[in-house]
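Reproduced below: model.cif, with mmCIF, N, CA and C atoms.
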```cif
data_structure
loop_
_atom_site.label_atom_id
_atom_site.label_comp_id
_atom_site.auth_asym_id
_atom_site.auth_seq_id
_atom_site.Cartn_x
_atom_site.Cartn_y
_atom_site.Cartn_z
N MET A 27 8.44 -29.28 5.86
CA MET A 27 8.93 -28.37 4.86
C MET A 27 7.72 -27.80 4.11
N ARG A 28 7.83 -26.52 3.77
CA ARG A 28 6.78 -25.85 3.01
C ARG A 28 7.36 -25.37 1.69
N LEU A 29 6.62 -25.55 0.62
CA LEU A 29 7.06 -25.14 -0.69
C LEU A 29 6.52 -23.75 -1.00
N GLY A 30 7.42 -22.82 -1.31
CA GLY A 30 7.01 -21.45 -1.58
C GLY A 30 7.43 -21.00 -2.97
N CYS A 31 6.94 -19.84 -3.35
CA CYS A 31 7.21 -19.26 -4.67
C CYS A 31 7.52 -17.78 -4.48
N SER A 32 8.48 -17.28 -5.23
CA SER A 32 8.81 -15.86 -5.17
C SER A 32 7.79 -15.04 -5.95
N SER A 33 7.45 -13.89 -5.42
CA SER A 33 6.52 -13.01 -6.12
C SER A 33 7.11 -12.46 -7.41
N VAL A 34 8.43 -12.61 -7.60
CA VAL A 34 9.08 -12.17 -8.84
C VAL A 34 8.49 -12.90 -10.04
N VAL A 35 8.07 -14.14 -9.83
CA VAL A 35 7.48 -14.92 -10.92
C VAL A 35 6.27 -14.19 -11.50
N PHE A 36 5.58 -13.43 -10.67
CA PHE A 36 4.39 -12.70 -11.09
C PHE A 36 4.65 -11.20 -11.06
N ASN A 37 5.81 -10.78 -11.54
CA ASN A 37 6.20 -9.37 -11.44
C ASN A 37 5.33 -8.45 -12.28
N GLN A 38 4.54 -8.98 -13.21
CA GLN A 38 3.65 -8.14 -13.99
C GLN A 38 2.37 -7.79 -13.22
N LEU A 39 2.16 -8.43 -12.09
CA LEU A 39 0.98 -8.18 -11.26
C LEU A 39 1.35 -7.38 -10.03
N ASP A 40 0.35 -6.77 -9.41
CA ASP A 40 0.61 -6.13 -8.12
C ASP A 40 0.75 -7.24 -7.06
N LEU A 41 1.11 -6.87 -5.86
CA LEU A 41 1.35 -7.85 -4.81
C LEU A 41 0.13 -8.73 -4.55
N PHE A 42 -1.04 -8.14 -4.52
CA PHE A 42 -2.24 -8.90 -4.19
C PHE A 42 -2.57 -9.91 -5.29
N GLY A 43 -2.36 -9.53 -6.54
CA GLY A 43 -2.54 -10.47 -7.64
C GLY A 43 -1.50 -11.57 -7.61
N ALA A 44 -0.26 -11.22 -7.27
CA ALA A 44 0.81 -12.21 -7.18
C ALA A 44 0.50 -13.24 -6.09
N LEU A 45 0.03 -12.78 -4.93
CA LEU A 45 -0.32 -13.71 -3.85
C LEU A 45 -1.43 -14.65 -4.29
N GLN A 46 -2.42 -14.13 -4.99
CA GLN A 46 -3.53 -14.96 -5.46
C GLN A 46 -3.02 -16.03 -6.44
N HIS A 47 -2.18 -15.64 -7.37
CA HIS A 47 -1.65 -16.59 -8.35
C HIS A 47 -0.74 -17.63 -7.70
N ILE A 48 0.03 -17.22 -6.71
CA ILE A 48 0.87 -18.17 -5.98
C ILE A 48 0.00 -19.23 -5.31
N ALA A 49 -1.09 -18.80 -4.71
CA ALA A 49 -2.02 -19.74 -4.07
C ALA A 49 -2.67 -20.64 -5.12
N TRP A 50 -3.12 -20.07 -6.23
CA TRP A 50 -3.74 -20.87 -7.29
C TRP A 50 -2.79 -21.94 -7.82
N ALA A 51 -1.49 -21.63 -7.83
CA ALA A 51 -0.50 -22.58 -8.34
C ALA A 51 -0.22 -23.70 -7.34
N GLY A 52 -0.78 -23.59 -6.15
CA GLY A 52 -0.65 -24.66 -5.17
C GLY A 52 0.48 -24.53 -4.18
N TYR A 53 1.15 -23.39 -4.18
CA TYR A 53 2.24 -23.19 -3.22
C TYR A 53 1.69 -22.93 -1.82
N GLU A 54 2.51 -23.21 -0.82
CA GLU A 54 2.11 -23.02 0.57
C GLU A 54 2.56 -21.69 1.14
N GLY A 55 3.44 -21.00 0.43
CA GLY A 55 3.96 -19.75 0.94
C GLY A 55 4.51 -18.88 -0.17
N ALA A 56 4.82 -17.64 0.20
CA ALA A 56 5.32 -16.67 -0.76
C ALA A 56 6.55 -15.97 -0.22
N GLU A 57 7.48 -15.72 -1.12
CA GLU A 57 8.62 -14.85 -0.85
C GLU A 57 8.27 -13.51 -1.47
N LEU A 58 8.23 -12.47 -0.68
CA LEU A 58 7.90 -11.14 -1.18
C LEU A 58 9.16 -10.46 -1.66
N ALA A 59 9.11 -9.93 -2.87
CA ALA A 59 10.30 -9.35 -3.49
C ALA A 59 10.21 -7.83 -3.57
N CYS A 60 11.33 -7.21 -3.33
CA CYS A 60 11.51 -5.77 -3.55
C CYS A 60 12.82 -5.64 -4.32
N LEU A 61 12.72 -5.84 -5.63
CA LEU A 61 13.89 -5.82 -6.49
C LEU A 61 13.82 -4.60 -7.39
N ALA A 62 14.88 -3.88 -7.46
CA ALA A 62 14.95 -2.55 -8.08
C ALA A 62 14.05 -2.37 -9.30
N ASN A 63 14.29 -3.07 -10.37
CA ASN A 63 13.52 -2.85 -11.59
C ASN A 63 12.72 -4.07 -12.02
N HIS A 64 12.55 -5.03 -11.15
CA HIS A 64 11.88 -6.26 -11.54
C HIS A 64 10.55 -6.47 -10.83
N ALA A 65 10.54 -6.35 -9.55
CA ALA A 65 9.33 -6.60 -8.77
C ALA A 65 9.38 -5.77 -7.50
N ARG A 66 8.53 -4.80 -7.44
CA ARG A 66 8.48 -3.95 -6.24
C ARG A 66 7.17 -4.26 -5.51
N HIS A 67 7.10 -5.47 -4.99
CA HIS A 67 5.87 -5.90 -4.37
C HIS A 67 5.68 -5.38 -2.96
N ILE A 68 6.74 -4.98 -2.33
CA ILE A 68 6.61 -4.43 -0.98
C ILE A 68 7.75 -3.45 -0.75
N GLU A 69 7.46 -2.40 -0.05
CA GLU A 69 8.46 -1.38 0.24
C GLU A 69 8.87 -1.48 1.69
N LEU A 70 10.09 -1.08 1.97
CA LEU A 70 10.57 -1.12 3.35
C LEU A 70 9.87 -0.09 4.23
N ASN A 71 9.67 1.09 3.71
CA ASN A 71 9.03 2.16 4.50
C ASN A 71 7.56 2.22 4.13
N THR A 72 6.76 1.52 4.89
CA THR A 72 5.33 1.49 4.62
C THR A 72 4.56 1.47 5.93
N LYS A 73 3.28 1.73 5.85
CA LYS A 73 2.46 1.81 7.05
C LYS A 73 2.07 0.42 7.54
N GLN A 74 1.87 0.31 8.83
CA GLN A 74 1.47 -0.96 9.44
C GLN A 74 0.15 -1.46 8.87
N SER A 75 -0.76 -0.55 8.56
CA SER A 75 -2.06 -0.97 8.01
C SER A 75 -1.89 -1.70 6.68
N TYR A 76 -0.93 -1.27 5.85
CA TYR A 76 -0.66 -1.95 4.58
C TYR A 76 -0.08 -3.34 4.84
N LEU A 77 0.85 -3.43 5.79
CA LEU A 77 1.43 -4.73 6.12
C LEU A 77 0.37 -5.68 6.65
N ASP A 78 -0.57 -5.16 7.44
CA ASP A 78 -1.67 -5.99 7.94
C ASP A 78 -2.55 -6.47 6.79
N GLU A 79 -2.76 -5.62 5.80
CA GLU A 79 -3.55 -6.00 4.62
C GLU A 79 -2.85 -7.11 3.84
N VAL A 80 -1.53 -7.00 3.70
CA VAL A 80 -0.75 -8.03 3.01
C VAL A 80 -0.87 -9.36 3.76
N LYS A 81 -0.70 -9.33 5.08
CA LYS A 81 -0.82 -10.55 5.89
C LYS A 81 -2.22 -11.15 5.76
N GLY A 82 -3.23 -10.29 5.79
CA GLY A 82 -4.61 -10.76 5.67
C GLY A 82 -4.89 -11.39 4.32
N THR A 83 -4.35 -10.81 3.26
CA THR A 83 -4.53 -11.35 1.92
C THR A 83 -3.88 -12.72 1.80
N ALA A 84 -2.66 -12.85 2.31
CA ALA A 84 -1.98 -14.15 2.29
C ALA A 84 -2.78 -15.19 3.06
N SER A 85 -3.27 -14.80 4.22
CA SER A 85 -4.06 -15.71 5.05
C SER A 85 -5.35 -16.11 4.33
N LYS A 86 -6.00 -15.17 3.67
CA LYS A 86 -7.24 -15.44 2.94
C LYS A 86 -7.01 -16.49 1.85
N HIS A 87 -5.84 -16.46 1.24
CA HIS A 87 -5.51 -17.40 0.18
C HIS A 87 -4.87 -18.69 0.72
N GLY A 88 -4.68 -18.75 2.04
CA GLY A 88 -4.16 -19.96 2.66
C GLY A 88 -2.66 -20.17 2.47
N ILE A 89 -1.93 -19.08 2.29
CA ILE A 89 -0.48 -19.20 2.14
C ILE A 89 0.22 -18.39 3.22
N GLY A 90 1.43 -18.79 3.54
CA GLY A 90 2.23 -18.07 4.51
C GLY A 90 3.18 -17.12 3.82
N LEU A 91 3.70 -16.18 4.57
CA LEU A 91 4.73 -15.27 4.08
C LEU A 91 6.05 -15.80 4.62
N LEU A 92 6.87 -16.35 3.73
CA LEU A 92 8.04 -17.10 4.15
C LEU A 92 9.32 -16.29 4.19
N LEU A 93 9.45 -15.31 3.30
CA LEU A 93 10.73 -14.64 3.15
C LEU A 93 10.51 -13.29 2.49
N PHE A 94 11.40 -12.36 2.79
CA PHE A 94 11.39 -11.04 2.17
C PHE A 94 12.75 -10.83 1.51
N THR A 95 12.75 -10.51 0.22
CA THR A 95 13.99 -10.31 -0.51
C THR A 95 14.07 -8.87 -1.00
N GLN A 96 15.19 -8.24 -0.73
CA GLN A 96 15.41 -6.88 -1.22
C GLN A 96 16.75 -6.83 -1.93
N MET A 97 16.76 -6.25 -3.10
CA MET A 97 18.01 -6.02 -3.81
C MET A 97 18.03 -4.55 -4.22
N LEU A 98 19.06 -3.88 -3.81
CA LEU A 98 19.19 -2.48 -4.16
C LEU A 98 19.67 -2.36 -5.60
N GLU A 99 19.36 -1.26 -6.20
CA GLU A 99 19.78 -1.01 -7.57
C GLU A 99 21.30 -0.93 -7.63
N VAL A 100 21.88 -1.57 -8.59
CA VAL A 100 23.32 -1.58 -8.77
C VAL A 100 23.67 -0.53 -9.83
N ASN A 101 24.62 0.32 -9.49
CA ASN A 101 25.09 1.33 -10.42
C ASN A 101 26.28 0.76 -11.19
N PRO A 102 26.10 0.47 -12.50
CA PRO A 102 27.19 -0.16 -13.25
C PRO A 102 28.48 0.65 -13.24
N ALA A 103 28.40 1.94 -13.14
CA ALA A 103 29.60 2.79 -13.13
C ALA A 103 30.45 2.53 -11.89
N ARG A 104 29.83 2.13 -10.79
CA ARG A 104 30.57 1.88 -9.54
C ARG A 104 31.23 0.52 -9.50
N THR A 105 30.85 -0.38 -10.38
CA THR A 105 31.40 -1.74 -10.34
C THR A 105 32.68 -1.87 -11.14
N LYS A 106 33.09 -0.81 -11.82
CA LYS A 106 34.31 -0.85 -12.64
C LYS A 106 35.55 -0.51 -11.83
#
```

What is this structure when it is put down as structure tokens?
Amino acid sequence: MRLGCSSVVFNQLDLFGALQHIAWAGYEGAELACLANHARHIELNTKQSYLDEVKGTASKHGIGLLLFTQMLEVNPARTK
């Protein structure tokens, strides 16, 4: 089993800062978040070179990429 941390915890940082802090905290992996107004650490439509940079950064810090979470924005008017 590997213990991971969501990048949402570091939503005030960019993705690369969040990965660094997750590693400093001693976690073995990261969950990358794409949450409407909370943490937009990774986008669905992005270039392969950016994804390779993300993978390389995680590897440099010795952590794995464990999970990707996306939550679309909820329109309160539609939930009534």

I'd like to see the residues matched by the PyMOL selection byres (((chain A and resi 41 and name CA) around 10) and name CA) on this file, and ideally I'd get them as number ranges by chain.
A: 33-34, 36-40, 42-47, 58-59, 65-68, 80, 83

So what does the PyMOL selection byres (((chain A and resi 81 and name CA) around 12) and name CA) actually pick up in this one, as a ChimeraX atom specification?
/A:41-42,45,55-56,58,68,74-80,82-92

In Å to one decimal, how far is CA of Glu57 in chain A from CA of Arg28 in chain A?
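Distance reported for this atom pair: 11.8 Å.
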
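With atom C of Ala49 in chain A on one side and CA of Thr72 in chain A on the other, the separation reads 25.5 Å.
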
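Between CA of Met27 in chain A and atom C of Ile48 in chain A there is a distance of 16.3 Å.
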